[in-house]
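This report concerns only the one structure given below.
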Amino acid sequence: MSILLIAICIAALLLIVRQIKRLRDRKQIEQHSITPEQLHTLLATNQEVLVFDVRRPLELLADSEIIPGAKRIPPRELLANPSLIPKDKDSVLYCTCIGDETSRSVLHLALGLNFHRIKFLKGGLAAWKAEGYPVKPYLESFPLETAS
């Protein structure tokens, strides 16, 4: 009977720890996210903010528009050289993945490297365009990656 009680207590403790981690991760994500409206306001008021398109090549091929002023950096290049995003400037990342997957991955990498002035655009390019904010064609050539 006492072994069963210990097992139940351990299971309950693990559930509590997992829930605390989820809440902490959610808070961190909220703290490091920005809405399309907030980003548009920053850009319209000439606030110094760098915008980075972190889509994979095939995602860019499917939707070849970019937020004006954004710089495209493929995730693979950022993984190899995180200093492509300056630590001392406010930066916003965006992608077109469901759930902002690529932006969140790059954000987690950056936060792990002590980048504190970085956010991701909630809803990515689709949310930006849904608000009617400007985009422009992405005309630069880029290599297609065959492996992820």
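Order determines the names: the first chain of the structure tokens is A, the second B, and so forth; residues in each chain are numbered 1 upward, and ligands are numbered 1 upward as they are shown.
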Checklist line | Neighbour list for segment 98-112 of chain A as a PyMOL selection string, cut-off 10 Å, only C-alpha atoms, skip fewer than 4 positions in-chain | finding: chain A and resi 28-29+32-33+52-56+74-76+78-79+82-83+85+87+92-94+116-126
Note to self: For the structure I just gave you, how does DSSP split chain A - specifically, which residues are strand (DSSP E)? Reply as a ChimeraX atom specification.
What the structure shows: /A:33-34,50-53,65-66,71-72,91-94,118-121,136-137
Could you turn the residues from that selection into a file that holds C-alpha atoms, as a short mmCIF file (atom, residue, chain, number, x, y, z; two decimals), in the first residue's frame?
```cif
data_model
loop_
_atom_site.label_atom_id
_atom_site.label_comp_id
_atom_site.auth_asym_id
_atom_site.auth_seq_id
_atom_site.Cartn_x
_atom_site.Cartn_y
_atom_site.Cartn_z
CA SER A 33 6.39 38.00 -29.00
CA ILE A 34 4.93 40.94 -30.84
CA LEU A 50 15.45 45.03 -37.22
CA VAL A 51 13.11 42.59 -38.91
CA PHE A 52 14.33 39.17 -40.03
CA ASP A 53 12.57 36.73 -42.33
CA GLU A 65 6.79 38.25 -50.47
CA ILE A 66 8.65 39.90 -47.62
CA LYS A 71 16.36 40.97 -44.07
CA ARG A 72 16.12 37.32 -44.98
CA SER A 91 14.92 42.44 -33.48
CA VAL A 92 11.78 40.70 -34.71
CA LEU A 93 11.72 37.30 -36.43
CA TYR A 94 8.97 35.96 -38.64
CA ILE A 118 14.53 39.62 -29.71
CA LYS A 119 10.88 38.80 -30.41
CA PHE A 120 8.92 36.79 -32.91
CA LEU A 121 5.95 38.03 -34.92
CA LYS A 136 6.95 43.51 -51.36
CA PRO A 137 8.16 40.80 -53.74
#
```
Check: If you measure from atom CA of Ala80 of chain A to atom CA of Lys21 of chain A, what distance in Å do you get, rounded to one decimal?
Finding: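 So the answer is 28.0 Å.
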Checklist line | Residue nearest His40 of chain A - candidates A:Cys97, A:Ile3, A:Leu23, A:Ile67, atoms counted: only C-alpha atoms | finding: A:Ile67
Next item on the list: For atom CA of Thr41 of chain A and atom CA of Asp90 of chain A, quote the distance in Å rounded to one decimal.
Entry: 14.1 Å
Next item on the list: Check chain A with DSSP on the backbone and list each residue it calls alpha helix (DSSP H), as a PyMOL selection string.
Entry: chain A and resi 2-31+36-44+57-62+75-80+101-112+124-130
For the residues in that selection, give me C-alpha atoms as a CSV table (one decimal), in the first residue's frame.
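Dumped everything to again-v3.csv:
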```csv
chain,number,residue,atom,x,y,z
A,2,SER,CA,2.8,2.5,0.8
A,3,ILE,CA,4.5,1.8,-2.6
A,4,LEU,CA,1.3,2.7,-4.3
A,5,LEU,CA,1.0,5.9,-2.3
A,6,ILE,CA,4.7,6.8,-3.2
A,7,ALA,CA,4.0,6.1,-6.9
A,8,ILE,CA,0.9,8.3,-6.8
A,9,CYS,CA,2.9,11.1,-5.1
A,10,ILE,CA,5.7,10.9,-7.6
A,11,ALA,CA,3.2,11.0,-10.5
A,12,ALA,CA,1.5,14.0,-9.0
A,13,LEU,CA,4.9,15.7,-8.5
A,14,LEU,CA,5.9,15.1,-12.1
A,15,LEU,CA,2.6,16.5,-13.3
A,16,ILE,CA,3.1,19.6,-11.2
A,17,VAL,CA,6.6,20.1,-12.5
A,18,ARG,CA,5.5,19.7,-16.1
A,19,GLN,CA,2.7,22.2,-15.6
A,20,ILE,CA,5.1,24.7,-14.0
A,21,LYS,CA,7.5,24.3,-17.0
A,22,ARG,CA,4.6,24.9,-19.5
A,23,LEU,CA,3.6,28.0,-17.7
A,24,ARG,CA,7.1,29.3,-17.6
A,25,ASP,CA,7.6,28.6,-21.3
A,26,ARG,CA,4.3,30.2,-22.2
A,27,LYS,CA,5.3,33.4,-20.2
A,28,GLN,CA,8.7,33.5,-21.9
A,29,ILE,CA,7.0,33.2,-25.3
A,30,GLU,CA,4.5,35.9,-24.5
A,31,GLN,CA,7.3,38.2,-23.3
A,36,PRO,CA,1.5,42.6,-36.3
A,37,GLU,CA,-0.2,45.8,-35.0
A,38,GLN,CA,2.7,46.4,-32.5
A,39,LEU,CA,5.3,45.8,-35.1
A,40,HIS,CA,3.6,48.1,-37.7
A,41,THR,CA,3.4,50.8,-35.1
A,42,LEU,CA,7.1,50.5,-34.3
A,43,LEU,CA,8.0,50.6,-38.0
A,44,ALA,CA,5.6,53.5,-38.7
A,57,PRO,CA,13.8,28.2,-48.8
A,58,LEU,CA,10.8,26.1,-49.8
A,59,GLU,CA,8.5,28.3,-47.6
A,60,LEU,CA,9.9,31.4,-49.4
A,61,LEU,CA,9.4,29.8,-52.7
A,62,ALA,CA,5.7,29.1,-51.9
A,75,PRO,CA,17.5,29.3,-40.3
A,76,ARG,CA,20.5,27.1,-41.2
A,77,GLU,CA,22.7,30.2,-41.5
A,78,LEU,CA,21.5,31.4,-38.1
A,79,LEU,CA,22.2,28.1,-36.5
A,80,ALA,CA,25.8,28.2,-37.9
A,101,GLU,CA,7.6,27.0,-35.5
A,102,THR,CA,10.8,28.3,-37.2
A,103,SER,CA,10.6,31.7,-35.5
A,104,ARG,CA,10.1,30.0,-32.1
A,105,SER,CA,13.1,27.7,-32.7
A,106,VAL,CA,15.3,30.6,-33.7
A,107,LEU,CA,14.0,32.5,-30.7
A,108,HIS,CA,14.8,29.7,-28.3
A,109,LEU,CA,18.3,29.4,-29.7
A,110,ALA,CA,18.8,33.2,-29.4
A,111,LEU,CA,17.5,33.3,-25.8
A,112,GLY,CA,19.8,30.4,-24.9
A,124,GLY,CA,4.1,35.4,-38.9
A,125,LEU,CA,3.8,36.8,-42.4
A,126,ALA,CA,0.2,35.6,-42.8
A,127,ALA,CA,-0.9,37.6,-39.8
A,128,TRP,CA,0.9,40.7,-41.1
A,129,LYS,CA,-0.7,40.4,-44.5
A,130,ALA,CA,-4.2,39.7,-43.0
```
